[in-house]
$ cat input.pdb   # PDB, C-alpha atoms
MODEL        1
ATOM      1  CA  ASN Z  73     -89.267  -5.087  24.472  1.00  0.00           C
ATOM      2  CA  ASN Z  74     -91.930  -3.112  22.609  1.00  0.00           C
ATOM      3  CA  SER Z  75     -91.647   0.013  24.769  1.00  0.00           C
ATOM      4  CA  ALA Z  76     -87.863   0.188  24.187  1.00  0.00           C
ATOM      5  CA  ILE Z  77     -88.415  -0.078  20.426  1.00  0.00           C
ATOM      6  CA  ALA Z  78     -91.153   2.578  20.566  1.00  0.00           C
ATOM      7  CA  CYS Z  79     -88.875   4.865  22.604  1.00  0.00           C
ATOM      8  CA  GLN Z  80     -85.976   4.434  20.164  1.00  0.00           C
ATOM      9  CA  THR Z  81     -88.301   5.037  17.206  1.00  0.00           C
ATOM     10  CA  PHE Z  82     -89.723   8.194  18.806  1.00  0.00           C
ATOM     11  CA  GLU Z  83     -86.227   9.519  19.580  1.00  0.00           C
ATOM     12  CA  ARG Z  84     -85.064   8.895  16.009  1.00  0.00           C
ATOM     13  CA  GLN Z  85     -88.193  10.479  14.529  1.00  0.00           C
ATOM     14  CA  LEU Z  86     -87.765  13.548  16.746  1.00  0.00           C
ATOM     15  CA  THR Z  87     -84.043  13.736  15.914  1.00  0.00           C
ATOM     16  CA  MET Z  88     -84.859  13.559  12.195  1.00  0.00           C
ATOM     17  CA  TYR Z  89     -87.514  16.280  12.541  1.00  0.00           C
ATOM     18  CA  ILE Z  90     -85.113  18.547  14.448  1.00  0.00           C
ATOM     19  CA  SER Z  91     -82.347  17.980  11.923  1.00  0.00           C
ATOM     20  CA  TYR Z  92     -84.551  18.658   8.910  1.00  0.00           C
ATOM     21  CA  HIS Z  93     -85.828  21.904  10.440  1.00  0.00           C
ATOM     22  CA  HIS Z  94     -82.639  23.255  11.952  1.00  0.00           C
ATOM     23  CA  ARG Z  95     -80.933  25.878   9.798  1.00  0.00           C
ATOM     24  CA  LYS Z  96     -77.740  25.002   8.004  1.00  0.00           C
ATOM     25  CA  ASP Z  97     -75.025  27.575   8.419  1.00  0.00           C
ATOM     26  CA  GLY Z  98     -74.223  29.509   5.285  1.00  0.00           C
ATOM     27  CA  ASP Z  99     -74.455  32.972   3.833  1.00  0.00           C
ATOM     28  CA  HIS Z 100     -76.782  31.930   1.033  1.00  0.00           C
ATOM     29  CA  CYS Z 101     -79.479  30.878   3.530  1.00  0.00           C
ATOM     30  CA  HIS Z 102     -80.499  34.474   4.214  1.00  0.00           C
ATOM     31  CA  SER Z 103     -82.239  34.603   0.838  1.00  0.00           C
ATOM     32  CA  GLY Z 104     -85.944  33.761   0.928  1.00  0.00           C
ATOM     33  CA  TRP Z 105     -85.596  31.999  -2.430  1.00  0.00           C
ATOM     34  CA  ASN Z 106     -82.885  29.675  -1.107  1.00  0.00           C
ATOM     35  CA  GLN Z 107     -84.836  29.027   2.079  1.00  0.00           C
ATOM     36  CA  VAL Z 108     -87.803  27.843   0.048  1.00  0.00           C
ATOM     37  CA  PHE Z 109     -86.142  26.182  -2.952  1.00  0.00           C
ATOM     38  CA  GLY Z 110     -82.527  25.622  -1.880  1.00  0.00           C
ATOM     39  CA  ASP Z 111     -80.881  23.345   0.626  1.00  0.00           C
ATOM     40  CA  CYS Z 112     -81.413  25.739   3.535  1.00  0.00           C
ATOM     41  CA  LYS Z 113     -83.544  24.816   6.476  1.00  0.00           C
ATOM     42  CA  VAL Z 114     -85.961  26.879   8.502  1.00  0.00           C
ATOM     43  CA  ASN Z 115     -85.138  27.773  12.062  1.00  0.00           C
ATOM     44  CA  LEU Z 116     -86.990  25.549  14.456  1.00  0.00           C
ATOM     45  CA  GLY Z 117     -86.903  27.686  17.586  1.00  0.00           C
ATOM     46  CA  TRP Z 118     -87.832  25.217  20.309  1.00  0.00           C
ATOM     47  CA  ILE Z 119     -88.791  21.709  21.121  1.00  0.00           C
ATOM     48  CA  GLY Z 120     -91.068  21.163  24.046  1.00  0.00           C
ATOM     49  CA  PHE Z 121     -92.955  18.510  25.900  1.00  0.00           C
ATOM     50  CA  HIS Z 122     -96.179  18.557  27.851  1.00  0.00           C
ATOM     51  CA  LEU Z 123     -95.604  18.105  31.574  1.00  0.00           C
ATOM     52  CA  GLU Z 124     -97.728  14.938  31.535  1.00  0.00           C
ATOM     53  CA  SER Z 125     -95.622  13.359  28.772  1.00  0.00           C
ATOM     54  CA  GLY Z 126     -93.112  12.099  31.307  1.00  0.00           C
ATOM     55  CA  PHE Z 127     -90.182  13.178  29.121  1.00  0.00           C
ATOM     56  CA  ASP Z 128     -87.006  13.016  31.171  1.00  0.00           C
ATOM     57  CA  GLY Z 129     -84.419  12.921  28.424  1.00  0.00           C
ATOM     58  CA  PHE Z 130     -83.369  10.688  25.569  1.00  0.00           C
ATOM     59  CA  GLU Z 131     -82.535   7.076  26.387  1.00  0.00           C
ATOM     60  CA  GLU Z 132     -79.728   7.204  23.808  1.00  0.00           C
ATOM     61  CA  PRO Z 133     -77.748  10.418  23.158  1.00  0.00           C
ATOM     62  CA  ILE Z 134     -79.088  12.552  20.316  1.00  0.00           C
ATOM     63  CA  GLU Z 135     -75.604  12.394  18.749  1.00  0.00           C
ATOM     64  CA  LYS Z 136     -75.986   8.611  18.368  1.00  0.00           C
ATOM     65  CA  HIS Z 137     -79.313   9.078  16.581  1.00  0.00           C
ATOM     66  CA  LEU Z 138     -77.820  11.757  14.304  1.00  0.00           C
ATOM     67  CA  ASN Z 139     -74.974   9.421  13.411  1.00  0.00           C
ATOM     68  CA  TYR Z 140     -77.363   6.511  12.767  1.00  0.00           C
ATOM     69  CA  LEU Z 141     -79.655   8.608  10.589  1.00  0.00           C
ATOM     70  CA  PHE Z 142     -77.131  10.688   8.658  1.00  0.00           C
ATOM     71  CA  ALA Z 143     -73.758   8.882   8.731  1.00  0.00           C
ATOM     72  CA  ASP Z 144     -73.991   7.849   5.063  1.00  0.00           C
ATOM     73  CA  SER Z 145     -75.869  10.963   3.933  1.00  0.00           C
ATOM     74  CA  ALA Z 146     -74.555  13.182   1.152  1.00  0.00           C
ATOM     75  CA  SER Z 147     -74.975  16.225   3.404  1.00  0.00           C
ATOM     76  CA  ALA Z 148     -74.242  16.175   7.106  1.00  0.00           C
ATOM     77  CA  ALA Z 149     -76.918  17.007   9.612  1.00  0.00           C
ATOM     78  CA  SER Z 150     -76.713  20.435  11.197  1.00  0.00           C
ATOM     79  CA  SER Z 151     -75.169  20.292  14.609  1.00  0.00           C
ATOM     80  CA  LEU Z 152     -77.132  21.602  17.541  1.00  0.00           C
ATOM     81  CA  PRO Z 153     -75.669  23.926  20.137  1.00  0.00           C
ATOM     82  CA  GLU Z 154     -73.908  21.924  22.854  1.00  0.00           C
ATOM     83  CA  GLU Z 155     -76.219  23.255  25.551  1.00  0.00           C
ATOM     84  CA  THR Z 156     -79.262  22.109  23.563  1.00  0.00           C
ATOM     85  CA  ARG Z 157     -77.809  18.615  23.111  1.00  0.00           C
ATOM     86  CA  LEU Z 158     -77.201  18.340  26.859  1.00  0.00           C
ATOM     87  CA  GLU Z 159     -80.709  19.577  27.677  1.00  0.00           C
ATOM     88  CA  VAL Z 160     -82.382  17.106  25.305  1.00  0.00           C
ATOM     89  CA  ASN Z 161     -80.188  14.188  26.357  1.00  0.00           C
ATOM     90  CA  ASN Z 162     -80.777  14.838  30.061  1.00  0.00           C
ATOM     91  CA  GLY Z 163     -84.359  16.110  29.928  1.00  0.00           C
ATOM     92  CA  ILE Z 164     -83.389  19.436  31.479  1.00  0.00           C
ATOM     93  CA  LEU Z 165     -86.029  21.640  29.935  1.00  0.00           C
ATOM     94  CA  GLY Z 166     -87.091  25.034  31.183  1.00  0.00           C
ATOM     95  CA  THR Z 167     -90.345  26.830  31.555  1.00  0.00           C
ATOM     96  CA  CYS Z 168     -91.097  30.369  30.521  1.00  0.00           C
ATOM     97  CA  ASP Z 169     -91.741  32.863  33.279  1.00  0.00           C
ATOM     98  CA  ASP Z 170     -95.460  33.272  33.951  1.00  0.00           C
ATOM     99  CA  VAL Z 171     -96.535  31.939  30.542  1.00  0.00           C
ATOM    100  CA  SER Z 172     -95.248  28.379  30.242  1.00  0.00           C
ATOM    101  CA  GLY Z 173     -98.526  26.685  31.023  1.00  0.00           C
ATOM    102  CA  ASP Z 174     -98.218  22.943  30.830  1.00  0.00           C
ATOM    103  CA  TYR Z 175     -95.068  22.728  28.703  1.00  0.00           C
ATOM    104  CA  ARG Z 176     -91.301  22.649  29.182  1.00  0.00           C
ATOM    105  CA  TYR Z 177     -88.952  23.779  26.389  1.00  0.00           C
ATOM    106  CA  THR Z 178     -85.423  24.066  25.158  1.00  0.00           C
ATOM    107  CA  SER Z 179     -84.188  26.478  22.522  1.00  0.00           C
ATOM    108  CA  LEU Z 180     -82.589  25.042  19.403  1.00  0.00           C
ATOM    109  CA  LEU Z 181     -81.047  28.357  18.455  1.00  0.00           C
ATOM    110  CA  GLY Z 182     -78.743  28.936  21.387  1.00  0.00           C
ATOM    111  CA  ASP Z 183     -80.228  32.418  21.808  1.00  0.00           C
ATOM    112  CA  PRO Z 184     -80.655  33.374  25.478  1.00  0.00           C
ATOM    113  CA  ASP Z 185     -83.080  36.178  24.529  1.00  0.00           C
ATOM    114  CA  LEU Z 186     -85.346  34.010  22.384  1.00  0.00           C
ATOM    115  CA  LEU Z 187     -88.977  34.586  23.298  1.00  0.00           C
ATOM    116  CA  CYS Z 188     -90.981  31.644  24.593  1.00  0.00           C
ATOM    117  CA  PRO Z 189     -93.488  30.086  22.183  1.00  0.00           C
ATOM    118  CA  GLU Z 190     -96.440  31.602  24.049  1.00  0.00           C
ATOM    119  CA  GLN Z 191     -94.916  35.074  23.674  1.00  0.00           C
ATOM    120  CA  VAL Z 192     -94.771  34.888  19.882  1.00  0.00           C
ATOM    121  CA  ARG Z 193     -97.667  36.198  17.808  1.00  0.00           C
ATOM    122  CA  LEU Z 194    -100.433  33.638  17.400  1.00  0.00           C
ATOM    123  CA  VAL Z 195     -99.889  33.453  13.627  1.00  0.00           C
ATOM    124  CA  GLU Z 196     -96.311  32.250  14.296  1.00  0.00           C
ATOM    125  CA  GLN Z 197     -97.314  29.453  16.659  1.00  0.00           C
ATOM    126  CA  ASP Z 198     -97.581  26.013  15.153  1.00  0.00           C
ATOM    127  CA  PRO Z 199     -97.316  23.174  17.661  1.00  0.00           C
ATOM    128  CA  VAL Z 200     -96.434  19.786  16.180  1.00  0.00           C
ATOM    129  CA  GLY Z 201     -97.314  16.607  17.999  1.00  0.00           C
ATOM    130  CA  PRO Z 202     -95.447  13.621  16.573  1.00  0.00           C
ATOM    131  CA  ARG Z 203     -97.272  10.298  16.725  1.00  0.00           C
ATOM    132  CA  LEU Z 204     -96.054   6.748  16.419  1.00  0.00           C
ATOM    133  CA  LEU Z 205     -97.791   4.889  13.613  1.00  0.00           C
ATOM    134  CA  ALA Z 206     -97.967   1.152  13.190  1.00  0.00           C
ATOM    135  CA  VAL Z 207     -95.983  -0.169  10.241  1.00  0.00           C
ATOM    136  CA  ASP Z 208     -97.386  -3.192   8.452  1.00  0.00           C
TER     137      ASP Z 208
ENDMDL
END
$ encode --input "input.pdb" --output "structure tokens"
Amino acid sequence: NNSAIACQTFERQLTMYISYHHRKDGDHCHSGWNQVFGDCKVNLGWIGFHLESGFDGFEEPIEKHLNYLFADSASAASSLPEETRLEVNNGILGTCDDVSGDYRYTSLLGDPDLLCPEQVRLVEQDPVGPRLLAVD
């Protein structure tokens, strides 16, 4: 079924994007030099979906995608906070009070006081819209 394959591909692509942009734990990652040139990752604060996207959770658990993508990797993928994994797997995403517009989000940082994307300065906002591309 083409839609099942497309769904699995999207989930794996999103899992890979999250993993590559989720900070590794380590003292050396506080250095700007290591963040740019080392093996540290930037903090991806949220993932979100437009209300019209119909996102209601991953078909397969994000842990399964992480294992598929990184099981044989030299460095393990950064683990996400348990609450974030549950929210992504089950599609339980929140809105931001009075500013959420047409999007629902979950924090990848496990910080209950993290500002919503719309509350961050405009220069710090960079929405990314992944697309499926045909492979020949």
$ residues_around --input "input.pdb" --residues "Glu159 in chain Z" --least-positions-apart "2" --cutoff "12 Å" --atoms "all atoms listed in the file" --output "PDB file with C-alpha atoms, in the frame of the given file"
ATOM      1  CA  TRP Z 118     -87.832  25.217  20.309  1.00  0.00           C
ATOM      2  CA  ILE Z 119     -88.791  21.709  21.121  1.00  0.00           C
ATOM      3  CA  GLY Z 120     -91.068  21.163  24.046  1.00  0.00           C
ATOM      4  CA  PHE Z 127     -90.182  13.178  29.121  1.00  0.00           C
ATOM      5  CA  ASP Z 128     -87.006  13.016  31.171  1.00  0.00           C
ATOM      6  CA  GLY Z 129     -84.419  12.921  28.424  1.00  0.00           C
ATOM      7  CA  PHE Z 130     -83.369  10.688  25.569  1.00  0.00           C
ATOM      8  CA  PRO Z 133     -77.748  10.418  23.158  1.00  0.00           C
ATOM      9  CA  ILE Z 134     -79.088  12.552  20.316  1.00  0.00           C
ATOM     10  CA  LEU Z 152     -77.132  21.602  17.541  1.00  0.00           C
ATOM     11  CA  PRO Z 153     -75.669  23.926  20.137  1.00  0.00           C
ATOM     12  CA  GLU Z 154     -73.908  21.924  22.854  1.00  0.00           C
ATOM     13  CA  GLU Z 155     -76.219  23.255  25.551  1.00  0.00           C
ATOM     14  CA  THR Z 156     -79.262  22.109  23.563  1.00  0.00           C
ATOM     15  CA  ARG Z 157     -77.809  18.615  23.111  1.00  0.00           C
ATOM     16  CA  ASN Z 161     -80.188  14.188  26.357  1.00  0.00           C
ATOM     17  CA  ASN Z 162     -80.777  14.838  30.061  1.00  0.00           C
ATOM     18  CA  GLY Z 163     -84.359  16.110  29.928  1.00  0.00           C
ATOM     19  CA  ILE Z 164     -83.389  19.436  31.479  1.00  0.00           C
ATOM     20  CA  LEU Z 165     -86.029  21.640  29.935  1.00  0.00           C
ATOM     21  CA  GLY Z 166     -87.091  25.034  31.183  1.00  0.00           C
ATOM     22  CA  ARG Z 176     -91.301  22.649  29.182  1.00  0.00           C
ATOM     23  CA  TYR Z 177     -88.952  23.779  26.389  1.00  0.00           C
ATOM     24  CA  THR Z 178     -85.423  24.066  25.158  1.00  0.00           C
ATOM     25  CA  SER Z 179     -84.188  26.478  22.522  1.00  0.00           C
ATOM     26  CA  LEU Z 180     -82.589  25.042  19.403  1.00  0.00           C
ATOM     27  CA  GLY Z 182     -78.743  28.936  21.387  1.00  0.00           C
TER      28      GLY Z 182
END
$ atom_distance --input "input.pdb" --atom1 "CA of Phe121 in chain Z" --atom2 "CA of Leu141 in chain Z"
22.6 Å
$ resolve_selection --input "input.pdb" --expression "the PyMOL selection byres ((chain Z and resi 123) around 7)" --output "PyMOL selection string"
chain Z and resi 121-122+124-126+174-176
$ atom_distance --input "input.pdb" --atom1 "CA of Leu204 in chain Z" --atom2 "CA of Gln85 in chain Z"
8.9 Å
$ resolve_selection --input "input.pdb" --expression "the PyMOL selection byres ((chain Z and resi 80) around 12)" --output "ChimeraX atom specification"
/Z:73-79,81-87,129-134,136-137,140,204
$ atom_distance --input "input.pdb" --atom1 "CA of Gln191 in chain Z" --atom2 "CA of Gly117 in chain Z"
12.5 Å
$ axis_aligned_box --input "input.pdb" --around "range 160-165 of chain Z" --padding-each-side "5 Å" --output "lines of an AutoDock Vina configuration file"
center_x = -83.1
center_y = 17.9
center_z = 28.4
size_x = 15.8
size_y = 17.5
size_z = 16.2
